[in-house]
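Shown next: data_35.txt, containing compact mmCIF, N, CA and C atoms and all ligand atoms.
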```
# COMPACT_ATOMS: atom_id res chain seq x y z
N MET A 1 91.56 123.93 137.10
CA MET A 1 92.41 125.00 137.64
C MET A 1 93.82 124.48 137.88
N THR A 2 93.91 123.35 138.61
CA THR A 2 95.22 122.70 138.83
C THR A 2 95.76 122.21 137.50
N GLN A 3 94.84 121.74 136.66
CA GLN A 3 95.24 121.19 135.36
C GLN A 3 95.88 122.28 134.50
N ASN A 4 95.29 123.47 134.52
CA ASN A 4 95.83 124.58 133.75
C ASN A 4 97.25 124.91 134.18
N ALA A 5 97.47 124.93 135.50
CA ALA A 5 98.79 125.22 136.03
C ALA A 5 99.79 124.19 135.53
N ASN A 6 99.39 122.93 135.54
CA ASN A 6 100.26 121.87 135.06
C ASN A 6 100.59 122.05 133.59
N ASN A 7 99.59 122.43 132.82
CA ASN A 7 99.78 122.58 131.38
C ASN A 7 100.81 123.67 131.07
N THR A 8 100.69 124.81 131.75
CA THR A 8 101.64 125.90 131.50
C THR A 8 103.03 125.46 131.93
N GLY A 9 103.13 124.71 133.02
CA GLY A 9 104.41 124.18 133.47
C GLY A 9 105.05 123.31 132.40
N ASN A 10 104.26 122.40 131.82
CA ASN A 10 104.78 121.52 130.77
C ASN A 10 105.28 122.31 129.57
N THR A 11 104.51 123.33 129.18
CA THR A 11 104.88 124.13 128.02
C THR A 11 106.21 124.82 128.27
N LYS A 12 106.40 125.35 129.47
CA LYS A 12 107.64 126.04 129.81
C LYS A 12 108.81 125.07 129.73
N ILE A 13 108.63 123.89 130.29
CA ILE A 13 109.70 122.90 130.29
C ILE A 13 110.04 122.50 128.85
N SER A 14 109.02 122.26 128.04
CA SER A 14 109.28 121.81 126.68
C SER A 14 109.96 122.91 125.87
N THR A 15 109.62 124.17 126.14
CA THR A 15 110.28 125.29 125.46
C THR A 15 111.75 125.33 125.83
N PHE A 16 112.03 125.12 127.10
CA PHE A 16 113.42 125.10 127.59
C PHE A 16 114.19 123.96 126.94
N VAL A 17 113.56 122.77 126.92
CA VAL A 17 114.20 121.59 126.33
C VAL A 17 114.45 121.83 124.84
N LEU A 18 113.47 122.45 124.19
CA LEU A 18 113.57 122.73 122.75
C LEU A 18 114.74 123.67 122.48
N ALA A 19 114.90 124.69 123.33
CA ALA A 19 116.01 125.64 123.19
C ALA A 19 117.34 124.90 123.34
N ALA A 20 117.41 124.01 124.34
CA ALA A 20 118.63 123.23 124.58
C ALA A 20 118.94 122.35 123.37
N ILE A 21 117.90 121.79 122.78
CA ILE A 21 118.07 120.92 121.61
C ILE A 21 118.63 121.72 120.44
N TYR A 22 118.08 122.92 120.23
CA TYR A 22 118.55 123.74 119.10
C TYR A 22 119.99 124.18 119.31
N ILE A 23 120.35 124.47 120.57
CA ILE A 23 121.74 124.86 120.87
C ILE A 23 122.67 123.67 120.58
N THR A 24 122.25 122.47 121.01
CA THR A 24 123.05 121.27 120.75
C THR A 24 123.22 121.05 119.26
N LEU A 25 122.13 121.26 118.54
CA LEU A 25 122.14 121.08 117.08
C LEU A 25 123.12 122.07 116.43
N ALA A 26 123.06 123.32 116.88
CA ALA A 26 123.95 124.36 116.34
C ALA A 26 125.40 124.02 116.66
N LEU A 27 125.67 123.56 117.90
CA LEU A 27 127.03 123.21 118.30
C LEU A 27 127.55 122.02 117.49
N SER A 28 126.65 121.06 117.21
CA SER A 28 127.08 119.90 116.44
C SER A 28 127.48 120.30 115.02
N ILE A 29 126.73 121.27 114.45
CA ILE A 29 127.05 121.77 113.10
C ILE A 29 128.41 122.49 113.14
N VAL A 30 128.63 123.29 114.21
CA VAL A 30 129.91 123.99 114.38
C VAL A 30 131.04 122.97 114.48
N ALA A 31 130.82 121.90 115.26
CA ALA A 31 131.84 120.85 115.44
C ALA A 31 132.20 120.22 114.09
N ILE A 32 131.20 119.99 113.25
CA ILE A 32 131.45 119.37 111.94
C ILE A 32 132.22 120.33 111.03
N ILE A 33 131.84 121.62 111.10
CA ILE A 33 132.55 122.62 110.28
C ILE A 33 134.01 122.70 110.71
N VAL A 34 134.24 122.74 112.03
CA VAL A 34 135.61 122.79 112.57
C VAL A 34 136.36 121.52 112.18
N ALA A 35 135.66 120.39 112.17
CA ALA A 35 136.26 119.11 111.79
C ALA A 35 136.75 119.16 110.34
N VAL A 36 135.93 119.75 109.48
CA VAL A 36 136.32 119.89 108.06
C VAL A 36 137.57 120.76 107.95
N GLY A 37 137.59 121.85 108.74
CA GLY A 37 138.76 122.74 108.77
C GLY A 37 140.01 122.00 109.23
N ALA A 38 139.83 121.17 110.29
CA ALA A 38 140.95 120.40 110.84
C ALA A 38 141.44 119.37 109.82
N PHE A 39 140.52 118.85 109.04
CA PHE A 39 140.88 117.87 108.01
C PHE A 39 141.80 118.49 106.96
N TYR A 40 141.47 119.74 106.56
CA TYR A 40 142.30 120.43 105.56
C TYR A 40 143.64 120.85 106.14
N GLU A 41 143.66 121.01 107.49
CA GLU A 41 144.93 121.36 108.13
C GLU A 41 145.81 120.13 108.30
N GLY A 42 145.23 118.97 108.13
CA GLY A 42 146.01 117.74 108.16
C GLY A 42 145.96 116.97 109.47
N SER A 43 145.19 117.50 110.47
CA SER A 43 145.12 116.76 111.73
C SER A 43 143.93 115.81 111.71
N LEU A 44 144.21 114.57 111.33
CA LEU A 44 143.15 113.57 111.13
C LEU A 44 142.49 113.18 112.46
N GLU A 45 143.28 113.12 113.52
CA GLU A 45 142.75 112.71 114.82
C GLU A 45 141.68 113.69 115.32
N VAL A 46 141.98 114.97 115.20
CA VAL A 46 141.04 116.02 115.62
C VAL A 46 139.78 115.94 114.76
N THR A 47 139.96 115.72 113.46
CA THR A 47 138.83 115.61 112.53
C THR A 47 137.88 114.49 112.97
N ILE A 48 138.47 113.32 113.28
CA ILE A 48 137.65 112.16 113.67
C ILE A 48 136.89 112.45 114.96
N TYR A 49 137.57 113.01 115.96
CA TYR A 49 136.93 113.32 117.24
C TYR A 49 135.78 114.31 117.05
N LEU A 50 136.07 115.39 116.33
CA LEU A 50 135.05 116.43 116.14
C LEU A 50 133.85 115.92 115.33
N LEU A 51 134.15 115.09 114.31
CA LEU A 51 133.06 114.52 113.51
C LEU A 51 132.19 113.61 114.37
N ALA A 52 132.86 112.79 115.21
CA ALA A 52 132.12 111.87 116.09
C ALA A 52 131.23 112.66 117.04
N ILE A 53 131.81 113.69 117.68
CA ILE A 53 131.05 114.52 118.63
C ILE A 53 129.89 115.20 117.89
N GLY A 54 130.20 115.76 116.72
CA GLY A 54 129.19 116.47 115.94
C GLY A 54 128.03 115.58 115.55
N PHE A 55 128.33 114.38 115.06
CA PHE A 55 127.26 113.50 114.60
C PHE A 55 126.45 112.91 115.75
N ILE A 56 127.14 112.60 116.86
CA ILE A 56 126.41 112.07 118.03
C ILE A 56 125.45 113.14 118.57
N ALA A 57 125.96 114.37 118.70
CA ALA A 57 125.13 115.47 119.20
C ALA A 57 123.95 115.73 118.27
N MET A 58 124.23 115.66 116.97
CA MET A 58 123.18 115.91 115.98
C MET A 58 122.12 114.80 116.02
N ALA A 59 122.58 113.57 116.16
CA ALA A 59 121.65 112.44 116.22
C ALA A 59 120.77 112.53 117.46
N LEU A 60 121.41 112.87 118.61
CA LEU A 60 120.67 112.98 119.86
C LEU A 60 119.63 114.09 119.81
N SER A 61 120.07 115.27 119.34
CA SER A 61 119.14 116.40 119.29
C SER A 61 118.03 116.14 118.28
N GLY A 62 118.38 115.49 117.16
CA GLY A 62 117.37 115.13 116.17
C GLY A 62 116.34 114.18 116.74
N TYR A 63 116.83 113.22 117.53
CA TYR A 63 115.95 112.24 118.15
C TYR A 63 114.99 112.92 119.14
N TYR A 64 115.56 113.80 119.99
CA TYR A 64 114.72 114.48 120.98
C TYR A 64 113.72 115.43 120.32
N LEU A 65 114.17 116.05 119.23
CA LEU A 65 113.29 116.95 118.49
C LEU A 65 112.10 116.16 117.93
N PHE A 66 112.41 115.00 117.39
CA PHE A 66 111.38 114.11 116.84
C PHE A 66 110.41 113.68 117.94
N GLN A 67 110.97 113.31 119.10
CA GLN A 67 110.15 112.87 120.22
C GLN A 67 109.25 114.00 120.72
N SER A 68 109.82 115.21 120.85
CA SER A 68 109.04 116.33 121.38
C SER A 68 107.94 116.73 120.40
N ARG A 69 108.23 116.64 119.09
CA ARG A 69 107.20 116.96 118.09
C ARG A 69 106.05 115.98 118.20
N LYS A 70 106.40 114.70 118.40
CA LYS A 70 105.39 113.65 118.53
C LYS A 70 104.53 113.92 119.76
N HIS A 71 105.22 114.36 120.85
CA HIS A 71 104.54 114.65 122.11
C HIS A 71 103.55 115.80 121.92
N VAL A 72 103.99 116.85 121.22
CA VAL A 72 103.13 118.00 120.97
C VAL A 72 101.93 117.59 120.12
N ALA A 73 102.17 116.74 119.12
CA ALA A 73 101.08 116.26 118.27
C ALA A 73 100.05 115.51 119.09
N ASN A 74 100.55 114.69 120.04
CA ASN A 74 99.65 113.94 120.91
C ASN A 74 98.81 114.90 121.76
N LEU A 75 99.46 115.94 122.26
CA LEU A 75 98.75 116.90 123.11
C LEU A 75 97.64 117.60 122.33
N LYS A 76 97.93 117.91 121.06
CA LYS A 76 96.94 118.60 120.25
C LYS A 76 95.74 117.72 119.98
N LEU A 77 96.01 116.42 119.78
CA LEU A 77 94.92 115.50 119.48
C LEU A 77 94.03 115.26 120.69
N GLU A 78 94.68 115.25 121.85
CA GLU A 78 93.95 114.87 123.05
C GLU A 78 93.08 116.00 123.57
N LYS A 79 91.77 115.78 123.58
CA LYS A 79 90.87 116.76 124.16
C LYS A 79 90.12 116.06 125.28
N PRO A 80 90.61 116.16 126.50
CA PRO A 80 89.95 115.45 127.58
C PRO A 80 88.57 116.04 127.86
N LEU A 81 87.61 115.16 127.90
CA LEU A 81 86.24 115.58 128.18
C LEU A 81 85.95 115.27 129.64
N ILE A 82 85.66 116.31 130.41
CA ILE A 82 85.35 116.13 131.82
C ILE A 82 83.84 116.03 131.95
N LEU A 83 83.41 114.96 132.61
CA LEU A 83 81.98 114.73 132.77
C LEU A 83 81.58 114.88 134.23
N THR A 84 80.36 115.32 134.42
CA THR A 84 79.79 115.44 135.75
C THR A 84 78.60 114.48 135.83
N ALA A 85 78.60 113.63 136.83
CA ALA A 85 77.51 112.68 137.02
C ALA A 85 76.59 113.21 138.09
N ILE A 86 75.32 113.36 137.75
CA ILE A 86 74.32 113.87 138.69
C ILE A 86 73.36 112.73 139.03
N ASP A 87 73.27 112.47 140.31
CA ASP A 87 72.43 111.37 140.77
C ASP A 87 71.15 111.92 141.38
N CYS A 88 70.02 111.38 140.92
CA CYS A 88 68.74 111.72 141.53
C CYS A 88 68.37 110.60 142.49
N LYS A 89 68.30 110.95 143.78
CA LYS A 89 68.04 109.93 144.79
C LYS A 89 66.62 109.38 144.69
N ALA A 90 65.70 110.21 144.26
CA ALA A 90 64.30 109.80 144.22
C ALA A 90 64.05 108.71 143.18
N CYS A 91 64.63 108.89 141.96
CA CYS A 91 64.37 107.89 140.93
C CYS A 91 65.62 107.11 140.52
N ASN A 92 66.71 107.29 141.31
CA ASN A 92 67.95 106.53 141.07
C ASN A 92 68.50 106.64 139.65
N LYS A 93 68.28 107.82 139.07
CA LYS A 93 68.76 108.00 137.71
C LYS A 93 70.05 108.82 137.75
N ILE A 94 71.09 108.30 137.12
CA ILE A 94 72.35 109.06 137.06
C ILE A 94 72.50 109.66 135.67
N GLU A 95 72.51 110.96 135.69
CA GLU A 95 72.62 111.71 134.43
C GLU A 95 74.06 112.24 134.31
N THR A 96 74.64 112.13 133.14
CA THR A 96 75.97 112.71 132.95
C THR A 96 75.88 113.84 131.93
N ARG A 97 76.62 114.85 132.21
CA ARG A 97 76.73 115.98 131.27
C ARG A 97 78.14 116.53 131.36
N GLU A 98 78.45 117.45 130.45
CA GLU A 98 79.78 118.03 130.43
C GLU A 98 80.01 118.87 131.69
N PHE A 99 81.24 118.80 132.18
CA PHE A 99 81.61 119.55 133.38
C PHE A 99 81.48 121.06 133.15
N LYS A 100 80.90 121.70 134.13
CA LYS A 100 80.80 123.16 134.07
C LYS A 100 81.59 123.74 135.23
N ARG A 101 82.13 124.94 135.04
CA ARG A 101 82.88 125.61 136.11
C ARG A 101 81.95 125.80 137.31
N GLY A 102 82.43 125.42 138.48
CA GLY A 102 81.62 125.56 139.68
C GLY A 102 81.03 124.24 140.14
N ASP A 103 81.19 123.22 139.33
CA ASP A 103 80.69 121.90 139.72
C ASP A 103 81.61 121.30 140.78
N PHE A 104 81.00 120.68 141.79
CA PHE A 104 81.80 119.91 142.76
C PHE A 104 80.95 118.79 143.30
N VAL A 105 81.61 117.77 143.78
CA VAL A 105 80.92 116.59 144.29
C VAL A 105 80.10 116.98 145.54
N TYR A 106 78.90 116.44 145.64
CA TYR A 106 77.90 116.69 146.70
C TYR A 106 77.18 118.03 146.53
N LYS A 107 77.38 118.67 145.38
CA LYS A 107 76.66 119.93 145.13
C LYS A 107 75.22 119.59 144.73
N ASP A 108 74.29 120.32 145.29
CA ASP A 108 72.89 120.12 144.92
C ASP A 108 72.64 120.71 143.54
N MET A 109 71.95 119.96 142.73
CA MET A 109 71.75 120.40 141.35
C MET A 109 70.29 120.76 141.09
N GLU A 110 70.09 121.24 139.89
CA GLU A 110 68.75 121.61 139.44
C GLU A 110 67.82 120.39 139.53
N PRO A 111 66.50 120.61 139.63
CA PRO A 111 65.57 119.50 139.79
C PRO A 111 65.67 118.49 138.65
N CYS A 112 65.48 117.23 138.99
CA CYS A 112 65.52 116.13 138.03
C CYS A 112 64.39 116.32 137.01
N PRO A 113 64.66 116.14 135.76
CA PRO A 113 63.63 116.34 134.73
C PRO A 113 62.45 115.36 134.85
N LYS A 114 62.68 114.23 135.50
CA LYS A 114 61.62 113.22 135.61
C LYS A 114 60.71 113.45 136.82
N CYS A 115 61.36 113.50 138.01
CA CYS A 115 60.54 113.51 139.22
C CYS A 115 60.57 114.85 139.96
N LYS A 116 61.33 115.81 139.45
CA LYS A 116 61.39 117.17 139.99
C LYS A 116 62.02 117.28 141.37
N SER A 117 62.60 116.18 141.88
CA SER A 117 63.32 116.30 143.14
C SER A 117 64.77 116.64 142.84
N ASN A 118 65.46 117.19 143.84
CA ASN A 118 66.81 117.69 143.59
C ASN A 118 67.82 116.57 143.35
N GLY A 119 68.63 116.78 142.34
CA GLY A 119 69.72 115.86 142.09
C GLY A 119 70.97 116.34 142.79
N MET A 120 71.98 115.49 142.82
CA MET A 120 73.22 115.86 143.48
C MET A 120 74.39 115.32 142.66
N ILE A 121 75.46 116.12 142.57
CA ILE A 121 76.64 115.65 141.83
C ILE A 121 77.31 114.55 142.66
N VAL A 122 77.49 113.40 142.04
CA VAL A 122 78.12 112.29 142.76
C VAL A 122 79.53 112.00 142.25
N ALA A 123 79.83 112.46 141.05
CA ALA A 123 81.17 112.20 140.52
C ALA A 123 81.53 113.20 139.44
N ILE A 124 82.81 113.53 139.39
CA ILE A 124 83.35 114.33 138.29
C ILE A 124 84.56 113.55 137.78
N TYR A 125 84.53 113.22 136.52
CA TYR A 125 85.62 112.37 136.01
C TYR A 125 85.93 112.70 134.56
N ARG A 126 87.06 112.22 134.14
CA ARG A 126 87.47 112.43 132.76
C ARG A 126 87.05 111.22 131.94
N GLU A 127 86.44 111.50 130.82
CA GLU A 127 85.99 110.42 129.96
C GLU A 127 87.20 109.68 129.39
N VAL A 128 87.19 108.38 129.53
CA VAL A 128 88.30 107.58 129.00
C VAL A 128 87.87 107.03 127.64
N LYS A 129 88.59 107.52 126.62
CA LYS A 129 88.25 107.05 125.27
C LYS A 129 89.05 105.79 124.97
N GLU A 130 88.40 104.82 124.42
CA GLU A 130 89.11 103.60 124.04
C GLU A 130 89.94 103.85 122.80
N LYS A 131 91.19 103.42 122.88
CA LYS A 131 92.07 103.62 121.74
C LYS A 131 91.65 102.69 120.59
N GLU A 132 91.82 103.23 119.39
CA GLU A 132 91.44 102.43 118.22
C GLU A 132 92.34 101.21 118.10
N LYS A 133 91.70 100.09 117.99
CA LYS A 133 92.48 98.85 117.88
C LYS A 133 92.92 98.65 116.43
N PRO A 134 94.16 98.21 116.22
CA PRO A 134 94.60 97.95 114.86
C PRO A 134 93.83 96.79 114.23
N VAL A 135 93.51 96.96 112.99
CA VAL A 135 92.73 95.94 112.30
C VAL A 135 93.63 94.79 111.87
N ASN A 136 93.28 93.61 112.34
CA ASN A 136 94.09 92.43 111.96
C ASN A 136 93.63 91.89 110.63
N VAL A 137 94.59 91.74 109.71
CA VAL A 137 94.24 91.21 108.39
C VAL A 137 94.61 89.74 108.32
ZN ZN B 201 64.55 111.90 139.50
```
Show me, as structure tokens, the structure contained in the file I just sent.
Amino acid sequence: MTQNANNTGNTKISTFVLAAIYITLALSIVAIIVAVGAFYEGSLEVTIYLLAIGFIAMALSGYYLFQSRKHVANLKLEKPLILTAIDCKACNKIETREFKRGDFVYKDMEPCPKCKSNGMIVAIYREVKEKEKPVNV
């Protein structure tokens, strides 16, 4: 629930940042066009300044665009698996299964499949996947 709120917040921020990047990109193109115009008018100093501003802005916005695309790609790949650990006090068996809505720690669970006594949720956590290690040749 809190996670969902965070996710929508991130999306809003990234949309805003993306809009700012596109505006910067558009302005940098305008600066370059104006620079070309200034070059034909003979004002070399203005041309150099505008070209510098245009290319720096374009490089920055291009870099951020690349970074944000990479970030979005990472978000798409990442599917966090939330696990619920159920502990049976009678036989000391900890069973893990996928998190279901309504699960909370210390909640009494359905009877243990082995000894039929009630289990209890002892932990809810996100599965940590080990990152693939690069193969050394
Ligand atoms: Zn049991």
Give me, as a Markdown table, each residue of chain A that comes within 5 Å of ligand ZN 201 (chain B), together with its shortest interatomic pair and the distance in Å at one decimal, counting all atoms listed in the file, with rows ordered by chain and rising residue number.
```
| residue | atom | partner | partner_atom | distance |
| --- | --- | --- | --- | --- |
| A:Cys88 | CA | B:ZN201 | ZN | 4.7 |
| A:Ala90 | C | B:ZN201 | ZN | 4.9 |
| A:Cys91 | N | B:ZN201 | ZN | 3.9 |
| A:Cys112 | CA | B:ZN201 | ZN | 4.6 |
| A:Lys114 | C | B:ZN201 | ZN | 4.9 |
| A:Cys115 | N | B:ZN201 | ZN | 3.9 |
```
Output N, CA and C atoms of each residue in that selection to a file, as a tab-separated table (two decimals), in the frame of the given file.
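Here's the written file again.tsv:
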```tsv
chain	number	residue	atom	x	y	z
A	88	CYS	N	70.02	111.38	140.92
A	88	CYS	CA	68.74	111.72	141.53
A	88	CYS	C	68.37	110.60	142.49
A	90	ALA	N	65.70	110.21	144.26
A	90	ALA	CA	64.30	109.80	144.22
A	90	ALA	C	64.05	108.71	143.18
A	91	CYS	N	64.63	108.89	141.96
A	91	CYS	CA	64.37	107.89	140.93
A	91	CYS	C	65.62	107.11	140.52
A	112	CYS	N	65.48	117.23	138.99
A	112	CYS	CA	65.52	116.13	138.03
A	112	CYS	C	64.39	116.32	137.01
A	114	LYS	N	62.68	114.23	135.50
A	114	LYS	CA	61.62	113.22	135.61
A	114	LYS	C	60.71	113.45	136.82
A	115	CYS	N	61.36	113.50	138.01
A	115	CYS	CA	60.54	113.51	139.22
A	115	CYS	C	60.57	114.85	139.96
```
Wanna dump the range 34-101 of chain A-range 16-21 of chain A contacts at 10 Å for me, each residue with its shortest atom pair and the distance in Å to one decimal, counting only C-alpha atoms, ordered by chain and number, as a Markdown table?
```
| residue | atom | partner | partner_atom | distance |
| --- | --- | --- | --- | --- |
| A:Ala57 | CA | A:Ile21 | CA | 9.2 |
| A:Met58 | CA | A:Ile21 | CA | 9.1 |
| A:Leu60 | CA | A:Ile21 | CA | 8.5 |
| A:Ser61 | CA | A:Ile21 | CA | 5.2 |
| A:Gly62 | CA | A:Ile21 | CA | 8.0 |
| A:Tyr63 | CA | A:Ile21 | CA | 9.6 |
| A:Tyr64 | CA | A:Ile21 | CA | 7.3 |
| A:Leu65 | CA | A:Ile21 | CA | 7.0 |
| A:Ser68 | CA | A:Leu18 | CA | 8.0 |
| A:Arg69 | CA | A:Leu18 | CA | 9.8 |
```
Report as a count of residues only: the residues of chain A with a DSSP assignment of helix (DSSP H, G or I), based on the backbone of this structure.
74
Fewer than 6 positions away in the same chain doesn't count, so skip those; otherwise give me all residues within 7 Å of range 35-38 of chain A, counting all atoms listed in the file, as a ChimeraX atom specification.
/A:44,46-48,50-51
Using all atoms listed in the file, tabulate the residues of range 17-104 of chain A lying at most 6 Å from any atom of range 119-126 of chain A, each with its closest atom pair and that distance in Å to one decimal, by chain and increasing residue number, as CSV.
```
residue,atom,partner,partner_atom,distance
A:Leu81,C,A:Arg126,CA,4.5
A:Ile82,CA,A:Arg126,CA,4.4
A:Leu83,N,A:Tyr125,C,3.9
A:Thr84,CA,A:Ile124,CA,4.5
A:Ala85,N,A:Ala123,C,3.9
A:Ile86,CA,A:Met120,C,4.2
A:Asp87,N,A:Met120,C,3.9
A:Cys88,CA,A:Gly119,CA,4.3
A:Lys89,N,A:Gly119,CA,5.4
A:Phe104,C,A:Ile121,CA,5.5
```
In Å to one decimal, how far is CA of Thr15 in chain A from atom N of Val30 in chain A?
21.6 Å
